[in-house]
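One structure is given below, encoded as structure tokens.
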Amino acid sequence: METEHRPYGPYERWVKRPLDILCALAAIVVFFWLYILVAILVRIKLGSPVLFTQERPGRGEKIFKLYKFRTMTDGRDENGELLPDEMRLTKFGRFLRSTSLDELPEAFNILKGDMSVIGPRPLLVAYLPRYNEKQRRRHEVRPGLSGYAQVNGRNALTWEEKFDMDVAYVDHVTFLGDVKLILSTVWKAVKREGISGENTATMEPFVGAKEPVGRVR
């Protein structure tokens with residue numbers, strides 16, 4: 001069962017969505033050559049499929065299919081189980097992640113209305129039953145290509161810090177705030193900060209809040 005939607009404010013209803021569409025279209029048109037180049041390199045260095053797709057929860061916990069460029073191999077152990085992320089994440093894959101080039105296909109998620117340019121990042125469906133009531137509020141808005149947590153530490157933050165920032169954004173969605181976050185995102189991408197967690201190649205799994213609330217899907 002999906003969570004209830006928080007009513008959109010005037011900015012979210014009349015401005016944010018049209019801006020999302022314009023930004024996504026502009027990115028696809030202007031950087032079309034980059035999409036092609038990255039796709040060719042992924043095919044050569046990592047093989048098929050070029051795109052990584054995975055179900056993620058969006059606004060109201062509605063499930064959608066996220067698109068990203070592939071950054072890992074399909075390496076498996078003797079039992080046929082996938083190897084840990086740090087063993088499957090190649091040097092080229094690390095480069096794509098550190099520059100956020102792997103996230104270029106999410107522009108199509110924005111066009112479809114699954115995502116926004118700015119909002120809490122869409123996480124794994126498996127995390128839904130692990131949130132407490134406050135943390136679940138991150139799903140009251142569309143998830144974003146970037147967000148408040150991404151420009152303030154990204155994977156270098158703890159889960160609790162991330163979720164606090166996500167909820168803070170949900171409570172303060174404004175045009176000027178989104179513009180500042182977009183500019184900060186560009187700057188962070190150039191500096192390539194906060195990509196990895198402290199002990200892993202990406203981010204440690206979220207094991208749950210102290211008092212998890214939610215429904216298993």
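Each chain of the structure tokens is named A, B, ... in the order shown, its residues numbered from 1; ligands are numbered from 1 in display order.
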
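For segment 119-121 of chain A, the set of protein, DNA and RNA residues having any atom at most 6 Å away, when counting only C-alpha atoms and skipping those fewer than 6 positions along the same chain, is Pro143, Gly144, Gly147 and Asp166 of chain A.
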
Distance query Lys16 of chain A at most 9 Å, only C-alpha atoms, self and fewer than 4 positions along chain excluded, as a list in words =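 The residues satisfying every condition are Tyr11, Glu12, Asp20, Ile21, Ser116, Val117, Thr174, Phe175 and Asp178 of chain A.
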
Within 10 Å of Val38 of chain A, counting only C-alpha atoms, which residues show up once you throw out same-chain ones fewer than 3 positions away? Write them as an MDAnalysis selection string, please.
-> chainID A and resid 33:35 41:44 50 69:70 96 101:102 104

How would the residues just chosen look if you wrote them out with C-alpha atoms as an mmCIF file, in the first residue's frame?
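Output (selection_38.cif):
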data_model
loop_
_atom_site.group_PDB
_atom_site.id
_atom_site.type_symbol
_atom_site.label_atom_id
_atom_site.label_comp_id
_atom_site.auth_asym_id
_atom_site.auth_seq_id
_atom_site.Cartn_x
_atom_site.Cartn_y
_atom_site.Cartn_z
ATOM 1 C CA TRP A 33 26.827 13.200 -27.789
ATOM 2 C CA LEU A 34 27.880 12.380 -24.222
ATOM 3 C CA TYR A 35 25.086 9.828 -23.826
ATOM 4 C CA LEU A 41 32.442 2.960 -23.568
ATOM 5 C CA VAL A 42 30.224 0.999 -21.189
ATOM 6 C CA ARG A 43 29.528 -1.543 -23.927
ATOM 7 C CA ILE A 44 33.265 -1.920 -24.644
ATOM 8 C CA VAL A 50 24.630 -0.868 -21.171
ATOM 9 C CA PHE A 69 24.534 3.555 -16.951
ATOM 10 C CA ARG A 70 26.052 0.310 -15.798
ATOM 11 C CA LEU A 96 31.465 7.125 -14.000
ATOM 12 C CA LEU A 101 27.975 10.306 -15.566
ATOM 13 C CA ASP A 102 26.284 7.026 -14.653
ATOM 14 C CA LEU A 104 22.670 10.688 -17.090
#
